[in-house]
file final.pdb (PDB, C-alpha atoms)
ATOM      1  CA  MET A   1     -39.335  -1.648  10.820
ATOM      2  CA  SER A   2     -39.636  -1.549  14.595
ATOM      3  CA  ALA A   3     -38.712   1.458  16.755
ATOM      4  CA  LYS A   4     -35.229   0.231  17.652
ATOM      5  CA  MET A   5     -34.314  -2.188  14.856
ATOM      6  CA  ILE A   6     -33.832  -1.618  11.121
ATOM      7  CA  GLU A   7     -34.065  -4.406   8.549
ATOM      8  CA  ARG A   8     -30.671  -4.905   6.890
ATOM      9  CA  PHE A   9     -30.936  -8.333   5.264
ATOM     10  CA  SER A  10     -33.899 -10.221   3.800
ATOM     11  CA  GLU A  11     -34.609 -13.872   4.645
ATOM     12  CA  ALA A  12     -33.311 -14.868   1.193
ATOM     13  CA  GLN A  13     -30.033 -13.029   1.834
ATOM     14  CA  ILE A  14     -29.679 -14.722   5.231
ATOM     15  CA  GLY A  15     -30.249 -18.133   3.633
ATOM     16  CA  ALA A  16     -27.787 -17.518   0.798
ATOM     17  CA  HIS A  17     -25.165 -16.176   3.228
ATOM     18  CA  THR A  18     -25.598 -19.201   5.515
ATOM     19  CA  LEU A  19     -25.079 -21.556   2.572
ATOM     20  CA  CYS A  20     -22.070 -19.541   1.416
ATOM     21  CA  ALA A  21     -20.487 -19.409   4.911
ATOM     22  CA  LEU A  22     -20.980 -23.109   5.632
ATOM     23  CA  SER A  23     -19.673 -24.196   2.233
ATOM     24  CA  ILE A  24     -16.603 -21.931   2.507
ATOM     25  CA  MET A  25     -15.753 -23.348   5.944
ATOM     26  CA  ILE A  26     -16.082 -26.922   4.652
ATOM     27  CA  LEU A  27     -13.972 -26.026   1.606
ATOM     28  CA  TYR A  28     -11.192 -24.662   3.818
ATOM     29  CA  ILE A  29     -11.172 -27.711   6.098
ATOM     30  CA  THR A  30     -11.177 -30.190   3.223
ATOM     31  CA  GLY A  31      -9.010 -28.164   0.817
ATOM     32  CA  ILE A  32      -6.234 -26.580   2.889
ATOM     33  CA  SER A  33      -5.256 -30.014   4.214
ATOM     34  CA  LEU A  34      -4.287 -30.943   0.638
ATOM     35  CA  ILE A  35      -1.996 -27.909   0.337
ATOM     36  CA  PHE A  36      -0.266 -28.712   3.647
ATOM     37  CA  PRO A  37      -0.371 -32.530   3.816
ATOM     38  CA  LYS A  38       2.538 -32.705   6.266
ATOM     39  CA  GLU A  39       0.812 -30.559   8.876
ATOM     40  CA  LEU A  40      -2.859 -31.313   8.163
ATOM     41  CA  GLY A  41      -2.617 -34.793   6.668
ATOM     42  CA  TRP A  42      -4.615 -36.151   9.610
ATOM     43  CA  ILE A  43      -7.816 -34.618   8.166
ATOM     44  CA  PRO A  44      -7.972 -36.848   5.050
ATOM     45  CA  GLY A  45      -6.681 -39.651   7.288
ATOM     46  CA  LEU A  46      -9.688 -39.139   9.544
ATOM     47  CA  ILE A  47     -12.458 -39.288   6.939
ATOM     48  CA  GLY A  48     -10.702 -40.851   3.938
ATOM     49  CA  LEU A  49      -9.272 -38.992   0.929
ATOM     50  CA  SER A  50     -11.968 -39.923  -1.604
ATOM     51  CA  GLU A  51     -14.763 -39.115   0.886
ATOM     52  CA  MET A  52     -13.084 -35.801   1.708
ATOM     53  CA  MET A  53     -12.806 -34.902  -1.980
ATOM     54  CA  TYR A  54     -16.476 -35.761  -2.469
ATOM     55  CA  ILE A  55     -17.426 -33.428   0.412
ATOM     56  CA  HIS A  56     -15.097 -30.743  -1.046
ATOM     57  CA  ARG A  57     -16.831 -30.916  -4.430
ATOM     58  CA  VAL A  58     -20.316 -30.835  -2.905
ATOM     59  CA  ALA A  59     -19.311 -27.779  -0.828
ATOM     60  CA  GLY A  60     -17.815 -26.196  -3.967
ATOM     61  CA  VAL A  61     -21.102 -26.688  -5.809
ATOM     62  CA  ALA A  62     -22.942 -25.131  -2.843
ATOM     63  CA  LEU A  63     -20.642 -22.092  -2.892
ATOM     64  CA  ILE A  64     -21.076 -21.618  -6.640
ATOM     65  CA  ALA A  65     -24.850 -22.051  -6.184
ATOM     66  CA  SER A  66     -25.062 -19.377  -3.488
ATOM     67  CA  SER A  67     -23.023 -16.958  -5.626
ATOM     68  CA  LEU A  68     -25.188 -17.788  -8.631
ATOM     69  CA  TYR A  69     -28.270 -17.120  -6.517
ATOM     70  CA  TYR A  70     -26.983 -13.650  -5.606
ATOM     71  CA  ALA A  71     -26.140 -12.911  -9.258
ATOM     72  CA  ILE A  72     -29.579 -14.034 -10.551
ATOM     73  CA  TYR A  73     -31.357 -12.200  -7.726
ATOM     74  CA  PHE A  74     -29.522  -8.945  -8.506
ATOM     75  CA  ALA A  75     -30.143  -9.289 -12.240
ATOM     76  CA  LEU A  76     -33.884  -9.868 -11.706
ATOM     77  CA  TYR A  77     -34.015  -7.071  -9.131
ATOM     78  CA  LEU A  78     -32.452  -4.606 -11.580
ATOM     79  CA  VAL A  79     -34.864  -5.627 -14.333
ATOM     80  CA  PHE A  80     -38.129  -5.808 -12.366
ATOM     81  CA  ILE A  81     -37.802  -3.626  -9.228
ATOM     82  CA  ASP A  82     -35.286  -0.748  -9.349
ATOM     83  CA  PHE A  83     -31.613   0.153  -9.627
ATOM     84  CA  SER A  84     -30.965   0.581  -5.881
ATOM     85  CA  PRO A  85     -28.504  -2.404  -5.734
ATOM     86  CA  LEU A  86     -26.264  -0.510  -8.155
ATOM     87  CA  LYS A  87     -26.027   2.335  -5.621
ATOM     88  CA  ASN A  88     -25.866   0.159  -2.495
ATOM     89  CA  VAL A  89     -23.798  -2.866  -3.501
ATOM     90  CA  PHE A  90     -21.549  -1.948  -6.432
ATOM     91  CA  PRO A  91     -18.452   0.114  -5.578
ATOM     92  CA  GLY A  92     -18.419   3.732  -6.706
ATOM     93  CA  ILE A  93     -16.283   6.864  -6.490
ATOM     94  CA  HIS A  94     -17.807   7.694  -3.087
ATOM     95  CA  ASP A  95     -16.364   4.397  -1.731
ATOM     96  CA  GLY A  96     -12.882   5.377  -2.894
ATOM     97  CA  LYS A  97     -13.271   8.775  -1.214
ATOM     98  CA  ALA A  98     -14.581   7.147   1.986
ATOM     99  CA  ALA A  99     -11.626   4.716   2.007
ATOM    100  CA  ILE A 100      -9.106   7.579   1.662
ATOM    101  CA  LYS A 101     -10.851   9.566   4.425
ATOM    102  CA  ASP A 102     -10.878   6.513   6.694
ATOM    103  CA  VAL A 103      -7.174   5.827   6.145
ATOM    104  CA  LEU A 104      -6.278   9.482   6.810
ATOM    105  CA  TYR A 105      -8.490   9.575   9.892
ATOM    106  CA  SER A 106      -6.904   6.363  11.203
ATOM    107  CA  PHE A 107      -3.460   7.983  11.012
ATOM    108  CA  HIS A 108      -4.675  11.198  12.732
ATOM    109  CA  ILE A 109      -4.431  13.235   9.533
ATOM    110  CA  GLY A 110      -8.001  13.940   8.457
ATOM    111  CA  LYS A 111     -11.300  14.766  10.096
ATOM    112  CA  GLN A 112     -13.767  12.125  11.271
ATOM    113  CA  PRO A 113     -15.501  10.783   8.145
ATOM    114  CA  GLU A 114     -19.256  10.948   7.692
ATOM    115  CA  GLY A 115     -21.304   7.797   8.198
ATOM    116  CA  TYR A 116     -21.553   5.305   5.361
ATOM    117  CA  ARG A 117     -24.339   4.256   3.038
ATOM    118  CA  LYS A 118     -25.936   0.808   3.476
ATOM    119  CA  TYR A 119     -22.630  -1.013   2.908
ATOM    120  CA  ASN A 120     -19.244   0.590   3.541
ATOM    121  CA  TRP A 121     -16.171   0.256   1.309
ATOM    122  CA  LEU A 122     -14.641  -2.498   3.439
ATOM    123  CA  GLU A 123     -17.818  -4.580   3.246
ATOM    124  CA  LYS A 124     -17.841  -4.105  -0.514
ATOM    125  CA  ILE A 125     -14.241  -5.350  -0.711
ATOM    126  CA  ASP A 126     -15.413  -8.376   1.284
ATOM    127  CA  ILE A 127     -18.408  -9.026  -0.964
ATOM    128  CA  PHE A 128     -16.464  -8.699  -4.203
ATOM    129  CA  SER A 129     -13.441 -10.636  -2.966
ATOM    130  CA  VAL A 130     -15.765 -13.590  -2.284
ATOM    131  CA  ALA A 131     -17.482 -13.129  -5.653
ATOM    132  CA  ILE A 132     -14.242 -12.783  -7.660
ATOM    133  CA  PHE A 133     -11.778 -15.005  -5.772
ATOM    134  CA  ASP A 134     -13.983 -17.677  -4.201
ATOM    135  CA  ALA A 135     -16.805 -18.035  -6.686
ATOM    136  CA  LEU A 136     -15.240 -17.085 -10.010
ATOM    137  CA  ILE A 137     -11.517 -17.971  -9.872
ATOM    138  CA  MET A 138     -11.800 -20.850  -7.383
ATOM    139  CA  GLY A 139     -15.020 -22.086  -8.993
ATOM    140  CA  VAL A 140     -13.658 -22.132 -12.558
ATOM    141  CA  THR A 141     -10.253 -23.596 -11.623
ATOM    142  CA  GLY A 142     -11.959 -26.095  -9.294
ATOM    143  CA  ILE A 143     -14.263 -27.370 -12.034
ATOM    144  CA  VAL A 144     -11.307 -27.773 -14.451
ATOM    145  CA  ILE A 145      -9.271 -29.673 -11.817
ATOM    146  CA  TRP A 146     -12.346 -31.761 -11.021
ATOM    147  CA  MET A 147     -12.818 -32.892 -14.631
ATOM    148  CA  PRO A 148      -9.444 -32.415 -16.409
ATOM    149  CA  TRP A 149     -10.218 -34.900 -19.198
ATOM    150  CA  PHE A 150     -13.300 -32.941 -20.129
ATOM    151  CA  PHE A 151     -11.159 -29.829 -20.725
ATOM    152  CA  THR A 152      -8.139 -31.383 -22.480
ATOM    153  CA  SER A 153      -9.730 -30.667 -25.867
ATOM    154  CA  ILE A 154     -10.186 -26.984 -24.952
ATOM    155  CA  LEU A 155      -7.133 -26.088 -22.826
ATOM    156  CA  PRO A 156      -3.428 -27.013 -23.205
ATOM    157  CA  LYS A 157      -2.291 -29.699 -20.749
ATOM    158  CA  SER A 158       0.270 -27.384 -19.118
ATOM    159  CA  ILE A 159      -2.484 -24.923 -18.167
ATOM    160  CA  ILE A 160      -4.685 -27.691 -16.768
ATOM    161  CA  LEU A 161      -1.803 -29.035 -14.672
ATOM    162  CA  SER A 162      -0.838 -25.585 -13.378
ATOM    163  CA  LEU A 163      -4.407 -24.659 -12.383
ATOM    164  CA  LYS A 164      -3.960 -26.773  -9.246
ATOM    165  CA  PHE A 165      -1.415 -24.219  -8.006
ATOM    166  CA  VAL A 166      -3.670 -21.292  -8.946
ATOM    167  CA  HIS A 167      -6.535 -22.941  -7.036
ATOM    168  CA  GLY A 168      -4.379 -23.575  -3.956
ATOM    169  CA  SER A 169      -2.779 -20.095  -3.944
ATOM    170  CA  PHE A 170      -6.070 -18.266  -4.185
ATOM    171  CA  ALA A 171      -7.468 -20.545  -1.469
ATOM    172  CA  ILE A 172      -4.843 -19.193   0.941
ATOM    173  CA  LEU A 173      -5.581 -15.627  -0.136
ATOM    174  CA  SER A 174      -9.299 -16.263   0.255
ATOM    175  CA  LEU A 175      -8.724 -17.619   3.780
ATOM    176  CA  CYS A 176      -6.866 -14.399   4.661
ATOM    177  CA  GLY A 177      -9.830 -12.385   3.324
ATOM    178  CA  ILE A 178     -12.358 -14.396   5.320
ATOM    179  CA  LEU A 179     -10.285 -13.945   8.484
ATOM    180  CA  LEU A 180     -10.445 -10.163   7.946
ATOM    181  CA  HIS A 181     -14.207 -10.445   7.419
ATOM    182  CA  PHE A 182     -14.501 -12.490  10.613
ATOM    183  CA  TYR A 183     -12.489  -9.923  12.557
ATOM    184  CA  VAL A 184     -14.482  -6.940  11.241
ATOM    185  CA  VAL A 185     -17.871  -8.568  11.788
ATOM    186  CA  HIS A 186     -17.497 -10.587  14.986
ATOM    187  CA  LEU A 187     -14.293  -9.793  16.827
ATOM    188  CA  THR A 188     -14.416  -5.994  17.088
ATOM    189  CA  PRO A 189     -15.133  -4.905  20.698
ATOM    190  CA  ALA A 190     -18.599  -3.490  19.918
ATOM    191  CA  ARG A 191     -19.768  -6.746  18.350
ATOM    192  CA  PHE A 192     -17.782  -9.420  20.208
ATOM    193  CA  PRO A 193     -18.391 -12.384  20.476
ATOM    194  CA  VAL A 194     -20.916 -12.524  17.638
ATOM    195  CA  ASP A 195     -22.775 -10.014  15.491
ATOM    196  CA  LYS A 196     -26.369 -11.197  15.194
ATOM    197  CA  THR A 197     -27.334  -8.985  12.242
ATOM    198  CA  MET A 198     -26.726 -11.694   9.641
ATOM    199  CA  PHE A 199     -28.716 -14.216  11.694
ATOM    200  CA  THR A 200     -31.742 -12.035  12.513
ATOM    201  CA  GLY A 201     -31.629  -9.678   9.520
ATOM    202  CA  TYR A 202     -32.072  -6.648  11.783
ATOM    203  CA  MET A 203     -29.601  -4.063  13.054
ATOM    204  CA  ASP A 204     -29.843  -1.800  16.069
ATOM    205  CA  ALA A 205     -31.055   1.647  14.988
ATOM    206  CA  HIS A 206     -28.455   3.424  17.161
ATOM    207  CA  GLU A 207     -25.659   1.483  15.481
ATOM    208  CA  VAL A 208     -27.086   2.295  12.051
ATOM    209  CA  GLN A 209     -27.340   5.974  12.982
ATOM    210  CA  HIS A 210     -23.759   6.041  14.231
ATOM    211  CA  GLU A 211     -22.089   3.836  11.600
ATOM    212  CA  TYR A 212     -24.296   4.075   8.486
ATOM    213  CA  THR A 213     -25.573   7.643   8.799
ATOM    214  CA  GLN A 214     -26.437   8.125   5.120
ATOM    215  CA  TRP A 215     -28.420   4.882   5.021
ATOM    216  CA  TYR A 216     -30.152   5.814   8.292
ATOM    217  CA  ASP A 217     -31.236   9.151   6.790
ATOM    218  CA  GLU A 218     -32.561   7.320   3.704
ATOM    219  CA  VAL A 219     -34.549   4.887   5.883
ATOM    220  CA  MET A 220     -35.971   7.735   7.981
ATOM    221  CA  GLU A 221     -36.911   9.672   4.835
ATOM    222  CA  GLY A 222     -38.668   6.572   3.507
ATOM    223  CA  ASP A 223     -40.570   6.155   6.777
ATOM    224  CA  SER A 224     -41.711   9.758   6.910
ATOM    225  CA  LYS A 225     -43.166   9.598   3.364
TER     226      LYS A 225
ATOM    227  CA  MET B   1     -46.636  -7.661 -10.515
ATOM    228  CA  VAL B   2     -43.158  -8.959  -9.746
ATOM    229  CA  SER B   3     -42.284  -8.496  -6.069
ATOM    230  CA  LYS B   4     -39.069  -9.044  -4.118
ATOM    231  CA  SER B   5     -40.337 -12.367  -2.761
ATOM    232  CA  ASN B   6     -41.178 -13.549  -6.308
ATOM    233  CA  ILE B   7     -37.655 -12.662  -7.423
ATOM    234  CA  SER B   8     -36.210 -14.597  -4.477
ATOM    235  CA  PHE B   9     -38.328 -17.591  -5.437
ATOM    236  CA  ILE B  10     -37.392 -17.496  -9.140
ATOM    237  CA  ALA B  11     -33.681 -17.090  -8.300
ATOM    238  CA  CYS B  12     -33.992 -19.960  -5.827
ATOM    239  CA  VAL B  13     -35.631 -22.254  -8.417
ATOM    240  CA  ILE B  14     -32.948 -21.516 -11.049
ATOM    241  CA  THR B  15     -30.221 -22.107  -8.446
ATOM    242  CA  VAL B  16     -31.764 -25.398  -7.283
ATOM    243  CA  VAL B  17     -31.942 -26.636 -10.898
ATOM    244  CA  PHE B  18     -28.271 -25.732 -11.306
ATOM    245  CA  VAL B  19     -27.329 -27.490  -8.059
ATOM    246  CA  LEU B  20     -29.207 -30.648  -9.063
ATOM    247  CA  LEU B  21     -27.439 -30.698 -12.426
ATOM    248  CA  LEU B  22     -24.017 -30.302 -10.842
ATOM    249  CA  MET B  23     -24.778 -32.829  -8.088
ATOM    250  CA  GLY B  24     -25.788 -35.296 -10.774
ATOM    251  CA  LEU B  25     -22.477 -34.608 -12.418
ATOM    252  CA  VAL B  26     -20.642 -35.220  -9.114
ATOM    253  CA  SER B  27     -22.316 -38.610  -8.776
ATOM    254  CA  ALA B  28     -22.062 -39.653 -12.413
ATOM    255  CA  TYR B  29     -18.547 -38.537 -13.310
ATOM    256  CA  ASN B  30     -15.785 -41.082 -12.874
ATOM    257  CA  THR B  31     -12.164 -40.148 -13.378
ATOM    258  CA  PRO B  32     -10.534 -42.387 -16.022
ATOM    259  CA  ASN B  33      -7.828 -44.612 -14.589
ATOM    260  CA  THR B  34      -5.067 -43.029 -16.668
ATOM    261  CA  SER B  35      -2.606 -40.224 -15.973
ATOM    262  CA  LEU B  36      -2.376 -36.873 -17.731
ATOM    263  CA  PRO B  37       0.481 -36.505 -20.273
ATOM    264  CA  LEU B  38       3.834 -35.308 -18.922
ATOM    265  CA  MET B  39       4.946 -31.708 -19.378
ATOM    266  CA  THR B  40       7.922 -30.618 -21.482
ATOM    267  CA  SER B  41      10.941 -28.926 -19.855
ATOM    268  CA  ILE B  42       9.812 -25.470 -21.075
ATOM    269  CA  GLU B  43       6.402 -26.047 -19.541
ATOM    270  CA  TYR B  44       8.097 -26.961 -16.253
ATOM    271  CA  GLU B  45      10.051 -23.681 -16.428
ATOM    272  CA  LEU B  46       6.829 -21.763 -17.031
ATOM    273  CA  LEU B  47       5.196 -23.595 -14.148
ATOM    274  CA  GLY B  48       8.032 -22.418 -11.875
ATOM    275  CA  LEU B  49       7.437 -18.847 -13.069
ATOM    276  CA  LEU B  50       3.719 -19.228 -12.416
ATOM    277  CA  LYS B  51       4.402 -20.461  -8.875
ATOM    278  CA  LEU B  52       6.610 -17.422  -8.282
ATOM    279  CA  CYS B  53       3.880 -15.067  -9.578
ATOM    280  CA  LEU B  54       1.252 -16.788  -7.442
ATOM    281  CA  THR B  55       3.459 -16.504  -4.367
ATOM    282  CA  LEU B  56       3.874 -12.773  -5.051
ATOM    283  CA  ILE B  57       0.089 -12.375  -5.494
ATOM    284  CA  VAL B  58      -0.593 -14.188  -2.218
ATOM    285  CA  VAL B  59       2.041 -12.176  -0.320
ATOM    286  CA  CYS B  60       0.809  -8.841  -1.753
ATOM    287  CA  GLY B  61      -2.812  -9.800  -1.086
ATOM    288  CA  ALA B  62      -2.014 -10.807   2.494
ATOM    289  CA  CYS B  63      -0.142  -7.503   3.014
ATOM    290  CA  PHE B  64      -3.119  -5.555   1.658
ATOM    291  CA  LEU B  65      -5.497  -7.445   3.956
ATOM    292  CA  THR B  66      -3.189  -6.830   6.923
ATOM    293  CA  PHE B  67      -3.230  -3.130   6.059
ATOM    294  CA  LEU B  68      -7.040  -3.164   5.975
ATOM    295  CA  THR B  69      -7.126  -4.903   9.362
ATOM    296  CA  LEU B  70      -4.779  -2.222  10.715
ATOM    297  CA  ILE B  71      -7.080   0.524   9.389
ATOM    298  CA  VAL B  72     -10.121  -1.111  10.990
ATOM    299  CA  HIS B  73      -8.251  -1.465  14.264
ATOM    300  CA  LEU B  74      -6.908   2.103  14.279
ATOM    301  CA  ARG B  75     -10.334   3.459  13.392
ATOM    302  CA  LEU B  76     -11.846   1.513  16.276
ATOM    303  CA  ILE B  77      -9.276   2.953  18.670
ATOM    304  CA  ARG B  78      -9.999   6.509  17.481
ATOM    305  CA  ASN B  79     -13.750   6.041  17.823
TER     306      ASN B  79
END

call {"tool": "encode", "arguments": {"input": "final.pdb", "output": "C-alpha cells"}}
result
Amino acid sequence: MSAKMIERFSEAQIGAHTLCALSIMILYITGISLIFPKELGWIPGLIGLSEMMYIHRVAGVALIASSLYYAIYFALYLVFIDFSPLKNVFPGIHDGKAAIKDVLYSFHIGKQPEGYRKYNWLEKIDIFSVAIFDALIMGVTGIVIWMPWFFTSILPKSIILSLKFVHGSFAILSLCGILLHFYVVHLTPARFPVDKTMFTGYMDAHEVQHEYTQWYDEVMEGDSK
Amino acid sequence: MVSKSNISFIACVITVVFVLLLMGLVSAYNTPNTSLPLMTSIEYELLGLLKLCLTLIVVCGACFLTFLTLIVHLRLIRN
C-alpha cells in the first residue's frame, strides 16, 4: 500500500470483472435486439442473425465463466486462506441497518451514517444481482433455450417454450440494474467521467477514509501491526 | 502453502477448462431442422399468466432500482 492509495481489487478480480463487463455489454447488444426487433432489427441485419447468435452464446459462456471463476475463487479462499470474504462480500444484518440509515438520512430524517466496510450495501446488491439474475437465471434459461432438444426429456415442452420470455424479461431487469451500477460508479459528480478503481485496483486513501471508514480503520490497524 | 495467487491460478485453470468445454459445445452442437411440438390451449393460457407475472416482476424491479438511484442521488446532494 502506498501513502495515498489503498489496494481495493486484485489483478485477478480486475481481469474477471473486465471479462464480465465486456460479455454483459455484448449480450445486451446482441440480445435486446431480439426482444425489440422492430426498433433494433438493424443490429442482426448488420452482422447477420446466425453470426449474432453465435457471438451472443460465446459472450454468455464468458459471463458464466467469469461468475464461475468468482465462485471457485471464493470457495478456495474460504477453505485455504480465511473467512474474510464472508464478512466483506456476503450481505449481513449490518448492511440492512446501513441501508435503513442511508434511506432515512436521504430524506432528512436520520443522522449522517457512519462509513461503510469494504463494500457497501448498494455494491452488494449490485454484486448479487449480477450473480443471481445474470449468471444464474439468465445462464440456466439461456442454456436451455440454446439446446432445447437436449432438455425435452427432462423438462415439459411448455416450460422450455416459456423460458424464452423469462430470459428476455430478466434481461431487461438486468439492464436496469447495470444502468444503476454505471450511474453509481461512473456518473456521480465525484467520479465523473470514469472511476479508475476497477482498472488500476487502487483507491484514493482520502476517499476510502470518507466513504469506507470502517474498512479504512481495518487497513490502518493492519498496517500498524 | 496455498497463497492468494495460487488460488487465483487454480480458479483460472478450472474456469478455462469449463470455457473450453462449453466453446466446444458451441461449435459442435447443431440444432435439428425440426420444430418443437405445439402447446395445448391450457399451456397457452398459462404462458399468458407467466408473461403477466414477468411483466410485474420487471416493473417492480425497475421501480426498486429507480428508488435506489433516488437514494444515491439524494445522499450525494446531502453530502

call {"tool": "interface_residues", "arguments": {"input": "final.pdb", "of": "chain A", "to": "chain B", "cutoff": "6 Å", "atoms": "only C-alpha atoms", "output": "PyMOL selection string"}}
result
chain A and resi 65+69+72-73+106+173

call {"tool": "residues_near_point", "arguments": {"input": "final.pdb", "point": "(-32.1, 0.2, -2.7)", "cutoff": "12 Å", "atoms": "all atoms listed in the file", "output": "ChimeraX atom specification"}}
result
/A:8-9,74,77-78,81-90,117-119,215,218-219,222 /B:4

call {"tool": "atom_distance", "arguments": {"input": "final.pdb", "atom1": "atom CA of B:Leu49", "atom2": "atom CA of A:Trp146"}}
result
23.7 Å

call {"tool": "atom_distance", "arguments": {"input": "final.pdb", "atom1": "atom CA of A:Val58", "atom2": "atom CA of A:Phe36"}}
result
21.2 Å

call {"tool": "residues_near_point", "arguments": {"input": "final.pdb", "point": "(-22.2, -23.3, -5.7)", "cutoff": "12 Å", "atoms": "only C-alpha atoms", "output": "mmCIF file with C-alpha atoms, in the coordinates of the input"}}
result
data_model
loop_
_atom_site.group_PDB
_atom_site.id
_atom_site.type_symbol
_atom_site.label_atom_id
_atom_site.label_comp_id
_atom_site.auth_asym_id
_atom_site.auth_seq_id
_atom_site.Cartn_x
_atom_site.Cartn_y
_atom_site.Cartn_z
ATOM 1 C CA ALA A 16 -27.787 -17.518 0.798
ATOM 2 C CA HIS A 17 -25.165 -16.176 3.228
ATOM 3 C CA LEU A 19 -25.079 -21.556 2.572
ATOM 4 C CA CYS A 20 -22.070 -19.541 1.416
ATOM 5 C CA ALA A 21 -20.487 -19.409 4.911
ATOM 6 C CA LEU A 22 -20.980 -23.109 5.632
ATOM 7 C CA SER A 23 -19.673 -24.196 2.233
ATOM 8 C CA ILE A 24 -16.603 -21.931 2.507
ATOM 9 C CA LEU A 27 -13.972 -26.026 1.606
ATOM 10 C CA HIS A 56 -15.097 -30.743 -1.046
ATOM 11 C CA ARG A 57 -16.831 -30.916 -4.430
ATOM 12 C CA VAL A 58 -20.316 -30.835 -2.905
ATOM 13 C CA ALA A 59 -19.311 -27.779 -0.828
ATOM 14 C CA GLY A 60 -17.815 -26.196 -3.967
ATOM 15 C CA VAL A 61 -21.102 -26.688 -5.809
ATOM 16 C CA ALA A 62 -22.942 -25.131 -2.843
ATOM 17 C CA LEU A 63 -20.642 -22.092 -2.892
ATOM 18 C CA ILE A 64 -21.076 -21.618 -6.640
ATOM 19 C CA ALA A 65 -24.850 -22.051 -6.184
ATOM 20 C CA SER A 66 -25.062 -19.377 -3.488
ATOM 21 C CA SER A 67 -23.023 -16.958 -5.626
ATOM 22 C CA LEU A 68 -25.188 -17.788 -8.631
ATOM 23 C CA TYR A 69 -28.270 -17.120 -6.517
ATOM 24 C CA TYR A 70 -26.983 -13.650 -5.606
ATOM 25 C CA ALA A 71 -26.140 -12.911 -9.258
ATOM 26 C CA ALA A 131 -17.482 -13.129 -5.653
ATOM 27 C CA ASP A 134 -13.983 -17.677 -4.201
ATOM 28 C CA ALA A 135 -16.805 -18.035 -6.686
ATOM 29 C CA LEU A 136 -15.240 -17.085 -10.010
ATOM 30 C CA MET A 138 -11.800 -20.850 -7.383
ATOM 31 C CA GLY A 139 -15.020 -22.086 -8.993
ATOM 32 C CA VAL A 140 -13.658 -22.132 -12.558
ATOM 33 C CA GLY A 142 -11.959 -26.095 -9.294
ATOM 34 C CA ILE A 143 -14.263 -27.370 -12.034
ATOM 35 C CA THR B 15 -30.221 -22.107 -8.446
ATOM 36 C CA VAL B 16 -31.764 -25.398 -7.283
ATOM 37 C CA VAL B 17 -31.942 -26.636 -10.898
ATOM 38 C CA PHE B 18 -28.271 -25.732 -11.306
ATOM 39 C CA VAL B 19 -27.329 -27.490 -8.059
ATOM 40 C CA LEU B 20 -29.207 -30.648 -9.063
ATOM 41 C CA LEU B 21 -27.439 -30.698 -12.426
ATOM 42 C CA LEU B 22 -24.017 -30.302 -10.842
ATOM 43 C CA MET B 23 -24.778 -32.829 -8.088
#

call {"tool": "atom_distance", "arguments": {"input": "final.pdb", "atom1": "atom CA of A:Ser10", "atom2": "atom CA of A:Asn120"}}
result
18.2 Å

call {"tool": "residues_around", "arguments": {"input": "final.pdb", "residues": "A:Ile109", "least_positions_apart": "5", "cutoff": "12 Å", "atoms": "all atoms listed in the file", "output": "list in words"}}
result
Ile100, Lys101, Asp102, Val103 and Leu104 of chain A; Arg78 of chain B

call {"tool": "residues_around", "arguments": {"input": "final.pdb", "residues": "A:Ile178", "least_positions_apart": "2", "cutoff": "10 Å", "atoms": "all atoms listed in the file", "output": "mmCIF file with C-alpha atoms, in the coordinates of the input"}}
result
data_model
loop_
_atom_site.group_PDB
_atom_site.id
_atom_site.type_symbol
_atom_site.label_atom_id
_atom_site.label_comp_id
_atom_site.auth_asym_id
_atom_site.auth_seq_id
_atom_site.Cartn_x
_atom_site.Cartn_y
_atom_site.Cartn_z
ATOM 1 C CA ALA A 21 -20.487 -19.409 4.911
ATOM 2 C CA ILE A 24 -16.603 -21.931 2.507
ATOM 3 C CA MET A 25 -15.753 -23.348 5.944
ATOM 4 C CA ASP A 126 -15.413 -8.376 1.284
ATOM 5 C CA SER A 129 -13.441 -10.636 -2.966
ATOM 6 C CA VAL A 130 -15.765 -13.590 -2.284
ATOM 7 C CA ILE A 172 -4.843 -19.193 0.941
ATOM 8 C CA LEU A 173 -5.581 -15.627 -0.136
ATOM 9 C CA SER A 174 -9.299 -16.263 0.255
ATOM 10 C CA LEU A 175 -8.724 -17.619 3.780
ATOM 11 C CA CYS A 176 -6.866 -14.399 4.661
ATOM 12 C CA LEU A 180 -10.445 -10.163 7.946
ATOM 13 C CA HIS A 181 -14.207 -10.445 7.419
ATOM 14 C CA PHE A 182 -14.501 -12.490 10.613
ATOM 15 C CA TYR A 183 -12.489 -9.923 12.557
ATOM 16 C CA VAL A 184 -14.482 -6.940 11.241
ATOM 17 C CA LEU B 65 -5.497 -7.445 3.956
#

call {"tool": "resolve_selection", "arguments": {"input": "final.pdb", "expression": "the PyMOL selection byres ((chain A and resi 34) around 12)", "output": "number ranges by chain"}}
result
A: 27-33, 35-45, 49, 52-53, 56, 164-165, 167-169, 171-172
